[in-house]
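A short write-up of the structure that comes next.
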Amino acid sequence: MRQNRYLKACRMQRLAGAAIVGLMLILAVSRPAAAAPTEPVLQWTAGGLSAGTDSAGQAARVATDAWGNVAVLSGPSGGQDLAVTTYTENGILRWRSTLSPASGTFVGDWVVAAPNGDFVAVGRNLNSSGNPIQITLARFDANGALLWRKEPSVGFFPSVGRIVVDVDGNAYLAASGRGTGRFVQKYSPTGELLWSQLDASAGGFVIAASLALSPDGSDVVVTGGVSGGALWNTAVHDAATGLRKWQATAAEGLAALDVVVDATRVYVTGQGATGGGTPALTYYLSVVAYDRATGKRLWRTDRKPADSSGAAGLRMSLAPDGSLAVAGQANRGFLDWYTVALEKTGAVRWEAVRDGGLNTDEIPRVVMVLPDGTTVVSGPGGPNLSGGYIPGVTAGYSSGGARLWEAFSAMATVWATALPNGDVCAVGGYDALITCWWVPPNDASEPPPPPPALIAPTAATNLAASSSVRRRIDLGWTNTATNATSITVERCLGSGCTNFAAVSLLAPTASRWTDATVKSRSTYSYRLRASNSAGDSPYSNTATARAR
């Protein structure tokens with residue numbers, strides 16, 4: 001019974017989650033019956049090609065680094081693994097790295113970019129019954145090499161709230177376990193556990209829903225609910241030491257689901273409840289503001305559409321002007337998108353309902369505010385694609401709440417990100433499907449850029465071969481390609497030989513490789529070339545070495 005209550009509470013913390021069924025990929029971009037004033041331009045799409053066990057698995061989250069490279073977290077890849085797949089901002093595959101579980105299968109939770117180009121990912125290991133048994137946290141360098149891997153111990157049936165990375169590359173994880181409570185942990189760039197703190201509450205254990213860093217990096221803030229009751233729980237920890245500065249537990253409603261922080265305040269959203277007794281309870285998209293220094297509750301705003309029986313706040317984002325954007329759901333027979341923009345005072349700036357006309361639930365997964373003030377909401381919604389499949393919808397709203405544009409992807413969105421070049425990318429569906437658009441600014445007079453033209457990569461130069469260790473030949477070269485997706489190394493036996501055969505497929509950024517399959521006192525010749533979907537580069541020069 002306690003296990004069921006825990007799993008039910010975890011599901012409340014993940015109202016934004018939904019199972020993605022295997023769909024036939026539809027490559028054409030669909031349009032709603034009533035087109036938005038300006039339509040985004042499809043820039044590129046990748047993945048989504050295989051729903052079998054040979055693919056990268058179901059997309060979980062996506063992150064963007066400072067250079068515009070995107071990383072899609074997915075799983076189970078190849079049947080059981082966790083996969084991180086990265087592309088340049090123009091859609092060129094950079095690398096894919098996978099992690100295997102000790103048993104069972106992996107599913108992805110979160111991926112986030114570090115300032116130096118690394119990516120940090122976290123996922124859960126599921127047993128044959130589909131229950132979570134372990135959390136795995138891993139860090140990959142800019143070339144896809146695994147730097148470290150950790151399995152944090154947070155108790156039975158572990159769940160992940162979120163991970164964030166600070167400007168120094170430290171990673172913060174919010175996670176929880178049944179009967180244990182909510183953990184907040186800090187890991188150094190090298191994977192050292194710097195501190196771990198447990199948040200507890202009387203009358204139940206605390207469940208992690210989301211995590212945020214303050215703008216100055218001094219505070220890490222975590223929010224969630226309490227098992228067995230309609231309580232919100234929010235805590236602020238000192239980012240350097242992990243010491244808890246304050247914790248607020250209050251009967252705000254059923255679930256606190258997301259948190260953001262500015263210079264002076266902490267804002268939490270979720271499903272709030274008011275009224276006395278059942279069935280007199282009324283459910284709202286609720287936002288509560290706290291004083292960041294003291295934890296004092298400053299205000300609460302409750303909203304729901306007039307024609308709905310209730311609403312819930314799911315995700316929240318800070319706008320450049322300090323206002324708030326909240327994406328949630330409204331119950332209007334079926335669940336529809338419900339977006340509310342709030343001033344820092346809690347006053348409502350605008351609100352919008354999006355009903356795609358589906359006779360099923362439509363639930364937004366993510367909200368973000370672009371530098372020009374456009375509020376972007378993405379998730380599954382209608383109208384249906386051909387065949388009745390539910391697509392992914394990404395919509396942009398003006399600072400006054402008018403819908404500026406809508407874009408559609410072939411499978412239901414689970415997360416989205418904005419690139420430094422202004423494009424917006426959404427992920428969701430099998431084989432780590434990602435779809436990216438140029439989106440019009442609030443000033444739509446700016447013409448869209450053309451989709452990127454792809455040309456074959458340039459050849460590597462200065463290939464050299466040497467042997468200083470027995471039965472090993474080391475290669476090094478100058479990598480001149482900026483748009484490659486892979487590098488192929490070819491080898492033949494002897495000096496001046498011409499019957500080259502491929503011996504290794506490398507990441508597109510590689511500039512060295514070691515051949516450990518050679519025979520001692522034998523001579524080998526090598527050449528290599530880079531490739532992408534436009535073709536192959538010319539071969540490099542040939543290098544020859546005699547193995548020791």
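FYI, nothing fancy with the structure tokens labels: chains A, B, ... in order, residues from 1 per chain, ligands from 1 as they appear.
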
Could you give me, as a Markdown table, every region 420-500 of chain A residue with an atom at most 6 Å from region 516-525 of chain A, plus its closest atom pair and distance in Å to one decimal, counting only C-alpha atoms, rows ordered by chain then number?
```
| residue | atom | partner | partner_atom | distance |
| --- | --- | --- | --- | --- |
| A:Arg471 | CA | A:Ser520 | CA | 4.9 |
| A:Arg472 | CA | A:Ala516 | CA | 4.7 |
| A:Arg491 | CA | A:Ser525 | CA | 5.7 |
| A:Cys492 | CA | A:Ser525 | CA | 5.4 |
| A:Leu493 | CA | A:Tyr524 | CA | 4.6 |
| A:Gly494 | CA | A:Thr523 | CA | 4.9 |
```

Check: Contacts of Leu285 (chain A) at 12 Å or less, counting only C-alpha atoms, minus same-chain residues fewer than 4 places along, as a ChimeraX atom specification?
Finding: /A:252-258,268-274,300-305,308-316,325-331,337-342,351

Item checked: Exercise: Asp355 (chain A) partners within 12 Å, only C-alpha atoms, chain neighbours under 6 positions left out, as JSON, numbers by chain -> {"A": [32, 329, 330, 331, 332, 333, 334, 335, 336, 337, 338, 339, 361, 362, 363, 364, 380, 381, 382, 383, 384, 393]}

Margin query: Can you pull out the residues contacting region 128-141 of chain A? Cut-off 8 Å, using only C-alpha atoms, and skip same-chain residues under 2 positions away; I want them as number ranges by chain.
Written below: A: 104, 117-126, 143-153, 156-160

Margin query: As an exercise, work out the distance from CA of Arg354 (chain A) to CA of Val112 (chain A) in Å and give it to one decimal place.
Written below: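 Computing it gives 29.0 Å between the two atoms.
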
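Distances from A:Leu370, A:Val164, A:Val348, A:Val260 to Pro420 (chain A) were compared using only C-alpha atoms, and the smallest one belongs to A:Leu370.
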
Item checked: Selection: 12 Å around Ser50 (chain A), only C-alpha atoms, excl. self and same-chain fewer than 2 positions, as a PyMOL selection string -> chain A and resi 22-25+46-48+52-58+77-78+429-433

Selection from above, C-alpha atoms, as an mmCIF file, in the first residue's frame, can you write it?
```cif
data_model
loop_
_atom_site.group_PDB
_atom_site.id
_atom_site.type_symbol
_atom_site.label_atom_id
_atom_site.label_comp_id
_atom_site.auth_asym_id
_atom_site.auth_seq_id
_atom_site.Cartn_x
_atom_site.Cartn_y
_atom_site.Cartn_z
ATOM 1 C CA GLY A 22 5.381 3.463 -31.554
ATOM 2 C CA LEU A 23 4.249 5.527 -34.511
ATOM 3 C CA MET A 24 4.998 5.538 -38.220
ATOM 4 C CA LEU A 25 7.242 8.556 -38.809
ATOM 5 C CA ALA A 46 17.024 13.726 -37.387
ATOM 6 C CA GLY A 47 16.225 10.397 -35.777
ATOM 7 C CA GLY A 48 12.795 8.816 -35.663
ATOM 8 C CA GLY A 52 12.897 -1.316 -32.967
ATOM 9 C CA THR A 53 15.572 -2.276 -30.473
ATOM 10 C CA ASP A 54 18.321 -1.158 -32.857
ATOM 11 C CA SER A 55 17.474 2.522 -32.415
ATOM 12 C CA ALA A 56 18.496 5.213 -29.933
ATOM 13 C CA GLY A 57 15.313 4.669 -27.944
ATOM 14 C CA GLN A 58 12.619 7.083 -26.804
ATOM 15 C CA SER A 77 19.038 2.376 -26.883
ATOM 16 C CA GLY A 78 19.737 -0.863 -28.696
ATOM 17 C CA GLY A 429 9.367 9.868 -30.042
ATOM 18 C CA TYR A 430 11.414 6.844 -30.955
ATOM 19 C CA ASP A 431 14.989 6.885 -32.185
ATOM 20 C CA ALA A 432 15.629 10.223 -30.437
ATOM 21 C CA LEU A 433 13.603 12.257 -32.951
#
```

Margin query: When you look at Leu463 (chain A) with a cut-off of 8 Å (counting only C-alpha atoms), what residues show up, excluding the ones that are within fewer than 3 positions of it in the same chain? I need them as a list of chain:residue names.
Written below: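 Using only C-alpha atoms, the neighbours found are A:Ala460, A:Leu475, A:Gly476, A:Trp477, A:Thr478, A:Arg527, A:Ser540, A:Asn541, A:Thr542, A:Ala543.
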
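The residue that comes closest to Asp65 (chain A), out of A:Thr374, A:Asn170, A:Asn421, A:Gln43 and on the basis of only C-alpha atoms, is A:Asn421.
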
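The space between CA of Gln247 (chain A) and CA of Ser210 (chain A) spans 14.7 Å.
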
Next item on the list: Go through region 224-324 of chain A and collect every residue that DSSP, computed from the backbone, puts in strand (DSSP E or B); the answer should be as JSON, numbers by chain.
Entry: {"A": [224, 225, 226, 232, 233, 234, 235, 236, 237, 238, 244, 245, 246, 247, 248, 249, 250, 253, 254, 255, 256, 257, 258, 259, 260, 261, 265, 266, 267, 268, 269, 270, 271, 272, 273, 274, 282, 283, 284, 285, 286, 287, 288, 289, 290, 291, 297, 298, 299, 300, 301, 302, 303, 310, 311, 312, 313, 314, 315, 316, 317, 318, 324]}

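The smallest atom-to-atom distance between Ser97 (chain A) and any of A:Leu211, A:Ala142, A:Gly79, A:Val353, using only C-alpha atoms, is found for A:Ala142.
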
Checklist line | Coordinates-based distance that separates CA of Arg349 (chain A) from CA of Val376 (chain A) (Å, one decimal) | finding: 15.7 Å
